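J.: Dropping in final.pdb, which is PDB, C-alpha atoms:
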ATOM      1  CA  MET I   1     130.949  88.076 167.376
ATOM      2  CA  LYS I   2     133.032  84.939 166.903
ATOM      3  CA  GLN I   3     130.006  83.136 165.445
ATOM      4  CA  TYR I   4     129.765  85.826 162.747
ATOM      5  CA  LEU I   5     133.387  85.178 161.761
ATOM      6  CA  ASP I   6     132.735  81.411 161.836
ATOM      7  CA  LEU I   7     129.860  81.924 159.384
ATOM      8  CA  VAL I   8     132.000  84.062 157.084
ATOM      9  CA  ARG I   9     134.698  81.379 157.081
ATOM     10  CA  ASP I  10     132.135  78.624 156.452
ATOM     11  CA  VAL I  11     130.656  80.431 153.443
ATOM     12  CA  ILE I  12     134.071  81.193 151.940
ATOM     13  CA  GLU I  13     135.285  77.612 152.411
ATOM     14  CA  ASN I  14     132.095  75.703 151.564
ATOM     15  CA  GLY I  15     130.012  78.018 149.392
ATOM     16  CA  THR I  16     129.637  78.027 145.621
ATOM     17  CA  LEU I  17     130.679  80.839 143.297
ATOM     18  CA  GLN I  18     127.546  82.146 141.565
ATOM     19  CA  GLY I  19     126.413  84.966 139.318
ATOM     20  CA  ASN I  20     123.577  87.339 140.279
ATOM     21  CA  ARG I  21     121.702  90.491 139.235
ATOM     22  CA  THR I  22     124.473  92.873 140.406
ATOM     23  CA  GLY I  23     127.128  91.557 138.004
ATOM     24  CA  ILE I  24     129.504  90.903 140.919
ATOM     25  CA  ARG I  25     129.782  87.209 141.706
ATOM     26  CA  THR I  26     129.157  85.843 145.178
ATOM     27  CA  ILE I  27     130.274  82.816 147.138
ATOM     28  CA  SER I  28     126.904  81.598 148.403
ATOM     29  CA  LEU I  29     125.701  79.034 150.925
ATOM     30  CA  PRO I  30     122.007  78.323 151.564
ATOM     31  CA  GLY I  31     120.699  78.247 155.107
ATOM     32  CA  ALA I  32     122.517  79.823 158.043
ATOM     33  CA  MET I  33     121.734  80.868 161.609
ATOM     34  CA  LEU I  34     123.222  83.133 164.258
ATOM     35  CA  ARG I  35     121.911  83.380 167.828
ATOM     36  CA  PHE I  36     122.774  86.030 170.407
ATOM     37  CA  ASP I  37     121.965  86.418 174.092
ATOM     38  CA  LEU I  38     121.508  90.159 174.482
ATOM     39  CA  GLN I  39     122.075  89.848 178.218
ATOM     40  CA  LYS I  40     125.690  89.081 177.356
ATOM     41  CA  GLY I  41     126.178  92.119 175.173
ATOM     42  CA  PHE I  42     125.156  93.790 171.938
ATOM     43  CA  PRO I  43     126.022  91.935 168.681
ATOM     44  CA  ALA I  44     128.264  94.634 167.239
ATOM     45  CA  ILE I  45     131.061  93.623 164.898
ATOM     46  CA  THR I  46     134.471  94.405 166.459
ATOM     47  CA  THR I  47     136.942  93.160 163.828
ATOM     48  CA  ARG I  48     136.361  96.493 162.073
ATOM     49  CA  LYS I  49     134.376  99.589 162.959
ATOM     50  CA  LEU I  50     130.603  99.205 162.816
ATOM     51  CA  ALA I  51     128.584 101.905 161.020
ATOM     52  CA  PHE I  52     126.365 102.075 164.096
ATOM     53  CA  LYS I  53     124.850 105.522 163.551
ATOM     54  CA  SER I  54     123.975 104.714 159.946
ATOM     55  CA  ALA I  55     122.310 101.418 160.883
ATOM     56  CA  ILE I  56     120.285 103.048 163.657
ATOM     57  CA  GLY I  57     119.309 105.878 161.323
ATOM     58  CA  GLU I  58     117.964 103.365 158.842
ATOM     59  CA  MET I  59     115.979 101.552 161.537
ATOM     60  CA  VAL I  60     114.437 104.819 162.712
ATOM     61  CA  GLY I  61     113.569 105.617 159.097
ATOM     62  CA  PHE I  62     111.829 102.278 158.722
ATOM     63  CA  LEU I  63     109.825 102.939 161.887
ATOM     64  CA  ARG I  64     108.699 106.234 160.344
ATOM     65  CA  GLY I  65     107.735 104.666 157.037
ATOM     66  CA  VAL I  66     110.408 106.619 155.139
ATOM     67  CA  LYS I  67     110.504 106.006 151.372
ATOM     68  CA  ASN I  68     112.954 108.690 150.248
ATOM     69  CA  ALA I  69     116.763 108.554 150.303
ATOM     70  CA  GLY I  70     116.932 112.217 151.308
ATOM     71  CA  GLU I  71     114.992 111.534 154.498
ATOM     72  CA  PHE I  72     117.323 108.629 155.302
ATOM     73  CA  ARG I  73     120.302 110.960 154.832
ATOM     74  CA  GLU I  74     118.753 113.377 157.324
ATOM     75  CA  LEU I  75     118.718 110.491 159.799
ATOM     76  CA  GLY I  76     122.414 109.809 159.198
ATOM     77  CA  CYS I  77     122.029 106.931 156.743
ATOM     78  CA  LYS I  78     123.357 107.158 153.170
ATOM     79  CA  VAL I  79     123.090 103.483 152.172
ATOM     80  CA  TRP I  80     119.947 104.105 150.094
ATOM     81  CA  ASP I  81     121.474 106.760 147.822
ATOM     82  CA  GLN I  82     122.675 104.324 145.150
ATOM     83  CA  ASN I  83     119.509 102.235 145.102
ATOM     84  CA  ALA I  84     117.454 105.397 144.704
ATOM     85  CA  ASN I  85     119.502 107.142 142.046
ATOM     86  CA  GLU I  86     121.975 104.731 140.414
ATOM     87  CA  ASN I  87     120.032 101.483 140.065
ATOM     88  CA  ALA I  88     119.353 101.263 136.306
ATOM     89  CA  GLN I  89     116.362  98.965 136.717
ATOM     90  CA  TRP I  90     114.728 101.296 139.238
ATOM     91  CA  LEU I  91     115.554 104.413 137.208
ATOM     92  CA  ALA I  92     113.577 102.944 134.318
ATOM     93  CA  ASN I  93     110.633 101.915 136.508
ATOM     94  CA  PRO I  94     107.496 104.037 135.925
ATOM     95  CA  PHE I  95     106.621 103.702 139.622
ATOM     96  CA  ARG I  96     109.699 105.763 140.542
ATOM     97  CA  GLN I  97     108.643 109.294 141.479
ATOM     98  CA  GLY I  98     111.777 111.311 140.840
ATOM     99  CA  HIS I  99     115.123 111.891 142.536
ATOM    100  CA  ASP I 100     115.681 110.023 145.840
ATOM    101  CA  ASP I 101     112.379 108.120 145.602
ATOM    102  CA  LEU I 102     112.557 104.497 146.793
ATOM    103  CA  GLY I 103     108.986 103.365 146.329
ATOM    104  CA  GLU I 104     107.026 101.173 148.712
ATOM    105  CA  ILE I 105     110.031  99.783 150.621
ATOM    106  CA  TYR I 106     110.408  98.328 154.102
ATOM    107  CA  GLY I 107     108.925 100.964 156.372
ATOM    108  CA  VAL I 108     105.910 101.558 154.149
ATOM    109  CA  GLN I 109     104.987  97.896 154.466
ATOM    110  CA  TRP I 110     105.798  97.840 158.180
ATOM    111  CA  ARG I 111     103.648 100.838 159.077
ATOM    112  CA  GLN I 112     101.187 101.276 156.162
ATOM    113  CA  TRP I 113     100.598  97.850 154.621
ATOM    114  CA  PRO I 114      97.812  98.347 152.029
ATOM    115  CA  GLY I 115      95.104  95.898 153.067
ATOM    116  CA  TYR I 116      92.229  95.065 150.747
ATOM    117  CA  LYS I 117      89.141  92.897 151.103
ATOM    118  CA  ARG I 118      86.879  91.733 148.291
ATOM    119  CA  ILE I 119      83.511  90.737 149.746
ATOM    120  CA  PRO I 120      80.327  89.703 147.877
ATOM    121  CA  LEU I 121      77.452  92.119 148.376
ATOM    122  CA  SER I 122      75.431  89.080 149.340
ATOM    123  CA  ASN I 123      77.442  88.880 152.584
ATOM    124  CA  PRO I 124      76.500  92.068 154.480
ATOM    125  CA  ALA I 125      77.625  90.601 157.811
ATOM    126  CA  ALA I 126      81.202  90.244 156.545
ATOM    127  CA  ILE I 127      81.116  93.759 155.084
ATOM    128  CA  GLU I 128      79.924  95.141 158.409
ATOM    129  CA  MET I 129      82.637  93.223 160.260
ATOM    130  CA  ALA I 130      85.324  94.629 157.969
ATOM    131  CA  GLU I 131      84.006  98.175 158.348
ATOM    132  CA  GLN I 132      83.991  97.836 162.138
ATOM    133  CA  ALA I 133      87.664  96.819 161.873
ATOM    134  CA  GLY I 134      88.445 100.081 160.080
ATOM    135  CA  PHE I 135      88.138  99.067 156.426
ATOM    136  CA  ARG I 136      86.282 101.471 154.152
ATOM    137  CA  ARG I 137      84.528 100.880 150.856
ATOM    138  CA  ILE I 138      86.441 102.187 147.864
ATOM    139  CA  ALA I 139      84.832 100.407 144.892
ATOM    140  CA  GLN I 140      82.073  98.105 143.763
ATOM    141  CA  ASP I 141      82.080  95.792 140.747
ATOM    142  CA  GLU I 142      80.745  92.560 139.338
ATOM    143  CA  GLU I 143      82.439  89.431 137.988
ATOM    144  CA  ASP I 144      80.784  86.299 136.589
ATOM    145  CA  GLY I 145      77.429  87.626 137.710
ATOM    146  CA  VAL I 146      78.558  88.145 141.322
ATOM    147  CA  ALA I 147      78.474  91.686 142.682
ATOM    148  CA  PHE I 148      81.184  92.546 145.212
ATOM    149  CA  VAL I 149      82.617  95.464 147.129
ATOM    150  CA  ILE I 150      86.304  96.358 147.616
ATOM    151  CA  LEU I 151      87.322  97.677 151.031
ATOM    152  CA  TYR I 152      90.679  99.213 152.028
ATOM    153  CA  LYS I 153      92.625  99.816 155.222
ATOM    154  CA  SER I 154      96.208 100.905 155.903
ATOM    155  CA  ILE I 155      97.630  98.394 158.398
ATOM    156  CA  ASP I 156     100.296  99.337 160.930
ATOM    157  CA  GLN I 157     101.956  95.967 161.460
ATOM    158  CA  VAL I 158     104.598  97.243 163.876
ATOM    159  CA  ARG I 159     102.060  98.931 166.136
ATOM    160  CA  GLN I 160      99.915  95.809 166.080
ATOM    161  CA  CYS I 161     102.903  93.786 167.294
ATOM    162  CA  LEU I 162     103.684  96.206 170.105
ATOM    163  CA  ASP I 163     100.015  96.334 171.155
ATOM    164  CA  THR I 164      99.792  92.544 171.201
ATOM    165  CA  ILE I 165     102.897  92.252 173.378
ATOM    166  CA  ALA I 166     101.181  94.605 175.820
ATOM    167  CA  THR I 167      97.730  92.983 175.736
ATOM    168  CA  ASP I 168      98.216  89.344 174.699
ATOM    169  CA  PRO I 169     101.846  88.360 175.306
ATOM    170  CA  GLY I 170     101.066  84.647 175.122
ATOM    171  CA  SER I 171     100.238  84.948 171.424
ATOM    172  CA  ARG I 172     102.492  83.145 168.965
ATOM    173  CA  ARG I 173     101.312  85.436 166.170
ATOM    174  CA  ILE I 174     103.302  88.559 167.027
ATOM    175  CA  LEU I 175     105.035  89.211 163.738
ATOM    176  CA  PHE I 176     105.347  91.615 160.843
ATOM    177  CA  HIS I 177     106.867  91.307 157.392
ATOM    178  CA  GLY I 178     107.642  93.366 154.334
ATOM    179  CA  TRP I 179     107.211  90.925 151.438
ATOM    180  CA  ASN I 180     104.148  92.399 149.759
ATOM    181  CA  CYS I 181     103.926  90.393 146.528
ATOM    182  CA  ALA I 182     101.588  92.914 144.935
ATOM    183  CA  GLN I 183     104.062  95.772 145.348
ATOM    184  CA  LEU I 184     107.471  94.222 144.733
ATOM    185  CA  ASP I 185     107.621  95.981 141.366
ATOM    186  CA  GLU I 186     107.024  99.305 143.133
ATOM    187  CA  MET I 187     110.199  99.073 145.241
ATOM    188  CA  ALA I 188     113.753 100.189 144.499
ATOM    189  CA  LEU I 189     114.811  97.006 146.316
ATOM    190  CA  PRO I 190     112.595  94.178 147.576
ATOM    191  CA  PRO I 191     113.073  93.513 151.306
ATOM    192  CA  CYS I 192     115.959  91.303 152.392
ATOM    193  CA  HIS I 193     115.186  91.225 156.126
ATOM    194  CA  LEU I 194     111.558  90.439 155.702
ATOM    195  CA  LEU I 195     109.998  88.679 158.696
ATOM    196  CA  TYR I 196     110.245  89.660 162.370
ATOM    197  CA  GLN I 197     108.598  87.541 165.080
ATOM    198  CA  PHE I 198     108.576  88.567 168.738
ATOM    199  CA  HIS I 199     108.441  86.111 171.631
ATOM    200  CA  PRO I 200     107.461  87.628 174.994
ATOM    201  CA  ASN I 201     107.924  85.339 177.996
ATOM    202  CA  VAL I 202     105.493  86.321 180.742
ATOM    203  CA  GLU I 203     107.174  83.999 183.258
ATOM    204  CA  THR I 204     110.662  85.472 182.928
ATOM    205  CA  LYS I 205     109.606  88.955 181.693
ATOM    206  CA  GLU I 206     112.022  88.526 178.797
ATOM    207  CA  ILE I 207     111.369  89.148 175.116
ATOM    208  CA  SER I 208     113.143  87.549 172.168
ATOM    209  CA  LEU I 209     113.163  88.090 168.422
ATOM    210  CA  THR I 210     113.429  85.751 165.462
ATOM    211  CA  LEU I 211     114.403  87.451 162.195
ATOM    212  CA  TYR I 212     114.359  85.798 158.761
ATOM    213  CA  ILE I 213     116.465  87.314 155.985
ATOM    214  CA  ARG I 214     115.999  85.937 152.475
ATOM    215  CA  SER I 215     119.396  87.158 151.212
ATOM    216  CA  ASN I 216     122.291  88.552 153.241
ATOM    217  CA  ASP I 217     125.584  90.098 152.174
ATOM    218  CA  LEU I 218     127.871  88.973 155.015
ATOM    219  CA  GLY I 219     130.438  91.680 154.443
ATOM    220  CA  LEU I 220     128.210  94.747 154.716
ATOM    221  CA  GLY I 221     124.609  93.651 155.265
ATOM    222  CA  THR I 222     124.900  91.246 158.182
ATOM    223  CA  PRO I 223     126.600  93.620 160.668
ATOM    224  CA  PHE I 224     124.105  96.329 159.688
ATOM    225  CA  ASN I 225     121.024  94.132 160.045
ATOM    226  CA  LEU I 226     122.195  92.571 163.303
ATOM    227  CA  THR I 227     122.469  96.079 164.731
ATOM    228  CA  GLU I 228     118.973  97.023 163.591
ATOM    229  CA  GLY I 229     117.338  93.832 164.828
ATOM    230  CA  ALA I 230     118.972  93.922 168.255
ATOM    231  CA  ALA I 231     118.178  97.630 168.672
ATOM    232  CA  LEU I 232     114.551  97.097 167.632
ATOM    233  CA  LEU I 233     114.183  94.219 170.096
ATOM    234  CA  SER I 234     115.649  96.403 172.840
ATOM    235  CA  LEU I 235     113.255  99.241 172.007
ATOM    236  CA  PHE I 236     110.254  96.900 172.061
ATOM    237  CA  GLY I 237     111.359  95.579 175.438
ATOM    238  CA  ARG I 238     111.774  99.106 176.760
ATOM    239  CA  LEU I 239     108.251 100.138 175.702
ATOM    240  CA  THR I 240     106.532  96.997 177.031
ATOM    241  CA  GLY I 241     108.436  96.157 180.212
ATOM    242  CA  TYR I 242     110.358  93.126 178.988
ATOM    243  CA  THR I 243     114.094  92.462 179.151
ATOM    244  CA  PRO I 244     115.567  91.746 175.689
ATOM    245  CA  ARG I 245     117.042  88.265 175.573
ATOM    246  CA  TRP I 246     117.472  85.970 172.544
ATOM    247  CA  PHE I 247     117.993  87.344 169.063
ATOM    248  CA  THR I 248     117.915  84.543 166.482
ATOM    249  CA  TYR I 249     118.943  85.420 162.944
ATOM    250  CA  PHE I 250     118.093  83.122 160.028
ATOM    251  CA  ILE I 251     119.545  83.643 156.550
ATOM    252  CA  GLY I 252     118.163  82.036 153.386
ATOM    253  CA  ASP I 253     121.061  82.866 151.026
ATOM    254  CA  ALA I 254     124.234  83.735 152.959
ATOM    255  CA  HIS I 255     126.837  85.140 150.590
ATOM    256  CA  VAL I 256     130.140  86.948 150.248
ATOM    257  CA  TYR I 257     130.797  89.228 147.274
ATOM    258  CA  GLU I 258     134.069  88.594 145.469
ATOM    259  CA  ASN I 259     135.143  92.190 145.947
ATOM    260  CA  HIS I 260     134.656  91.845 149.724
ATOM    261  CA  LEU I 261     137.067  88.935 150.101
ATOM    262  CA  ASP I 262     140.114  91.038 150.965
ATOM    263  CA  MET I 263     138.219  92.833 153.729
ATOM    264  CA  LEU I 264     136.706  89.675 155.177
ATOM    265  CA  ASN I 265     139.890  87.616 155.005
ATOM    266  CA  GLU I 266     141.669  90.369 156.920
ATOM    267  CA  GLN I 267     138.898  90.357 159.525
ATOM    268  CA  LEU I 268     139.276  86.603 159.942
ATOM    269  CA  LYS I 269     142.852  87.235 161.090
ATOM    270  CA  ARG I 270     141.689  89.636 163.799
ATOM    271  CA  GLU I 271     140.643  88.590 167.278
ATOM    272  CA  PRO I 272     137.076  89.664 168.155
ATOM    273  CA  LEU I 273     136.828  92.016 171.137
ATOM    274  CA  GLU I 274     134.383  92.199 174.032
ATOM    275  CA  ALA I 275     130.765  92.906 173.099
ATOM    276  CA  PRO I 276     129.572  96.422 173.995
ATOM    277  CA  LYS I 277     126.352  97.378 175.753
ATOM    278  CA  LEU I 278     123.446  99.157 174.057
ATOM    279  CA  VAL I 279     122.248 102.244 175.898
ATOM    280  CA  ILE I 280     118.870 103.840 175.190
ATOM    281  CA  SER I 281     118.435 107.473 176.218
ATOM    282  CA  ASP I 282     116.743 108.247 179.531
ATOM    283  CA  ARG I 283     114.187 110.348 177.661
ATOM    284  CA  VAL I 284     112.670 107.157 176.199
ATOM    285  CA  PRO I 285     110.151 105.883 178.785
ATOM    286  CA  GLU I 286     110.632 102.506 180.451
ATOM    287  CA  PHE I 287     107.343 100.697 180.938
ATOM    288  CA  ALA I 288     108.939  98.573 183.669
ATOM    289  CA  LYS I 289     109.463 101.749 185.745
ATOM    290  CA  THR I 290     106.470 103.889 184.802
ATOM    291  CA  GLY I 291     103.805 101.260 184.178
ATOM    292  CA  LYS I 292     102.570 103.520 181.384
ATOM    293  CA  TYR I 293     102.239 102.167 177.855
ATOM    294  CA  GLU I 294     103.467 104.788 175.358
ATOM    295  CA  PRO I 295     103.509 103.298 171.839
ATOM    296  CA  GLU I 296     103.815 106.740 170.248
ATOM    297  CA  TRP I 297     107.549 106.436 170.874
ATOM    298  CA  LEU I 298     107.737 104.233 167.797
ATOM    299  CA  GLU I 299     107.502 107.525 165.893
ATOM    300  CA  LYS I 300     109.191 109.828 168.427
ATOM    301  CA  ILE I 301     112.408 107.848 168.694
ATOM    302  CA  GLU I 302     115.550 109.518 167.293
ATOM    303  CA  PRO I 303     118.874 107.989 166.174
ATOM    304  CA  SER I 304     120.564 109.924 168.984
ATOM    305  CA  ASP I 305     118.540 107.919 171.525
ATOM    306  CA  PHE I 306     120.826 104.927 170.908
ATOM    307  CA  SER I 307     124.501 104.579 171.767
ATOM    308  CA  LEU I 308     127.059 101.863 172.458
ATOM    309  CA  GLU I 309     128.878 101.744 175.770
ATOM    310  CA  GLY I 310     132.315 100.153 175.918
ATOM    311  CA  TYR I 311     132.588  99.661 172.168
ATOM    312  CA  GLU I 312     136.136  98.818 171.072
ATOM    313  CA  HIS I 313     137.030  97.732 167.573
ATOM    314  CA  HIS I 314     139.901  97.028 165.208
ATOM    315  CA  ALA I 315     140.918  99.455 162.450
ATOM    316  CA  PRO I 316     138.122 100.534 160.070
ATOM    317  CA  MET I 317     137.764  98.813 156.700
ATOM    318  CA  THR I 318     135.504  99.488 153.740
ATOM    319  CA  ALA I 319     134.169  97.662 150.694
ATOM    320  CA  PRO I 320     131.808  98.719 147.866
ATOM    321  CA  MET I 321     128.102  97.955 148.048
ATOM    322  CA  ALA I 322     126.674  95.958 145.147
ATOM    323  CA  VAL I 323     123.562  97.551 143.629
TER     324      VAL I 323
END
Write out the structure in this file as structure tokens.
T.:
Amino acid sequence: MKQYLDLVRDVIENGTLQGNRTGIRTISLPGAMLRFDLQKGFPAITTRKLAFKSAIGEMVGFLRGVKNAGEFRELGCKVWDQNANENAQWLANPFRQGHDDLGEIYGVQWRQWPGYKRIPLSNPAAIEMAEQAGFRRIAQDEEDGVAFVILYKSIDQVRQCLDTIATDPGSRRILFHGWNCAQLDEMALPPCHLLYQFHPNVETKEISLTLYIRSNDLGLGTPFNLTEGAALLSLFGRLTGYTPRWFTYFIGDAHVYENHLDMLNEQLKREPLEAPKLVISDRVPEFAKTGKYEPEWLEKIEPSDFSLEGYEHHAPMTAPMAV
């Protein structure tokens, strides 16, 4: 994880001190990239202890479409508690549905993206095509003298990606994202890690992932999100018969919170240790061995199915999360 420490140092030395919505200033630098070869180890931070179980719990929650902090806690992840119940802006939002509610966050968009089509009644062929694709009519109206029908379908973006890897691995359109402009005001927190693109290589039987993050807190967020992305790539490879390889991580706004400087400066003095290995439980089927495609494991997976082998780290350190 030396490249992570190099990025932290670069932002601290070359970034600009800026204000933001949290009230805690950040040292920010636009545009950053990290790239990991998963065949050389799992990108776990070693200059302090990684909250591995919490990160995996969150990822599993996203895969289940969880939108409630209580359900995340049951999965071993408490990072959503403050956003659900202490974020003043969200507490005053009429879309919030009581204690622990998070709204239409990450996993909802990943697994149940609300898809709508507005088609003129004068185009029955397009209406029929949409209905054959699973859209259903929910309303009919007229505007400027043109009658139209509204159709709706819940779209499982993650499943579509996994299916495409299995059936059309040469596609360059295997991606999902969480930035639903129409529902940003219905979320406790708009997505930070928002676009995932998978790259299967039929020739080498390897699969890679490119992840774009609009805004990343290097102290707490980056180690967490690296864990989730690398684990998700490994799971996708497991279920489709590909070996996980390159994990490329793009950041739009890379920043360090002022109240994280002590923690990060101490980490910069520590020597990074050997990267561990990610182990996925034997109960999770391997397509490469069985030849059987079992996408239902996107929902059946448990946090306990993931562990790190050979993980060594320096002394634990903590810092407050900005909300």
J.: Identify which of the residues I:Leu189, I:Leu264, I:Val323, I:Ala315 lies closest to Arg9 (chain I), counting only C-alpha atoms when measuring atom-to-atom distances.
T.: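 Of all the options, I:Leu264 lies closest to Arg9 (chain I).
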J.: Up to 8 Å from (90.3, 103.5, 156.8) in the file's coordinates: name the residues, counting all atoms listed in the file, as JSON, numbers by chain.
T.: {"I": [134, 135, 136, 152, 153, 154]}
J.: Could you work out an axis-aligned bounding box for all listed atoms of region 195-211 of chain I, with 5 Å added on each of the six sides, and give its centre and edge lengths in Å to one decimal, as AutoDock Vina command-line options?
T.:
--center_x 109.9 --center_y 86.8 --center_z 171.0 --size_x 18.9 --size_y 15.7 --size_z 34.6
J.: Grab the CA of His314 (chain I) to CA of Asp262 (chain I) distance for me, in Å with one decimal place.
T.: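 Between CA of His314 (chain I) and CA of Asp262 (chain I) the gap is 15.5 Å.
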J.: Give me, as a Markdown table, each residue of region 213-257 of chain I that comes within 9 Å of region 57-75 of chain I, together with its shortest interatomic pair and the distance in Å at one decimal, counting only C-alpha atoms, with rows ordered by chain and rising residue number.
T.:
| residue | atom | partner | partner_atom | distance |
| --- | --- | --- | --- | --- |
| I:Glu228 | CA | I:Met59 | CA | 5.8 |
| I:Gly229 | CA | I:Met59 | CA | 8.5 |
| I:Ala231 | CA | I:Met59 | CA | 8.4 |
| I:Leu232 | CA | I:Met59 | CA | 7.7 |
J.: Suppose you want the space between CA of Asp101 (chain I) and CA of Asn180 (chain I); what is it in Å?
T.: 18.2 Å
J.: Could you work out how far CA of Gln160 (chain I) lies from CA of Phe176 (chain I), giving the answer in Å with one decimal?
T.: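 Answer for the CA of Phe176 (chain I) to CA of Gln160 (chain I) separation: 8.6 Å.
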J.: So which residues touch Glu143 (chain I) within 12 Å, counting all atoms listed in the file, skipping near sequence neighbours fewer than 3 positions away, as JSON, numbers by chain?
T.: {"I": [118, 119, 120, 121, 140, 146, 147, 148, 149]}
J.: Can you tell me, as a list of chain:residue names, what residues are no more than 9 Å from region 191-193 of chain I when counting only C-alpha atoms, ignoring any on the same chain fewer than 4 positions away?
T.: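 In the requested format, the answer is I:Ile105, I:Tyr106, I:His177, I:Gly178, I:Trp179, I:Leu184, I:Met187, I:Leu211, I:Tyr212, I:Ile213, I:Arg214, I:Ser215, I:Asn216, I:Asn225, I:Ile251.
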J.: Choose the residue, out of I:Ser28, I:Ser281, I:Thr318, I:Gln3, that has the smallest atom-to-atom separation from Gly15 (chain I); count only C-alpha atoms.
T.: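 The answer is I:Ser28, which sits nearest to Gly15 (chain I).
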J.: With distances taken over all atoms listed in the file, which of I:Gln109, I:Ala254, I:Leu209, I:Ala51 is nearest to Pro316 (chain I)?
T.: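 For Pro316 (chain I), the nearest of the given residues is I:Ala51.
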J.: Go through I:Gly115, I:Pro124, I:Pro276, I:Pro200 and flag the residue nearest Leu233 (chain I), using all atoms listed in the file for the distances.
T.: I:Pro200
J.: Using all atoms listed in the file, which residue out of I:Tyr116, I:Tyr293, I:Phe287, I:Tyr257 lies closest to Gly23 (chain I)?
T.: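 Among I:Tyr116, I:Tyr293, I:Phe287, I:Tyr257, it is I:Tyr257 that comes nearest to Gly23 (chain I).
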J.: Could you expand the PyMOL selection byres ((chain I and resi 91-95) around 12) into the explicit residues it covers here, written as a ChimeraX atom specification?
T.: /I:82-90,96-104,183-189
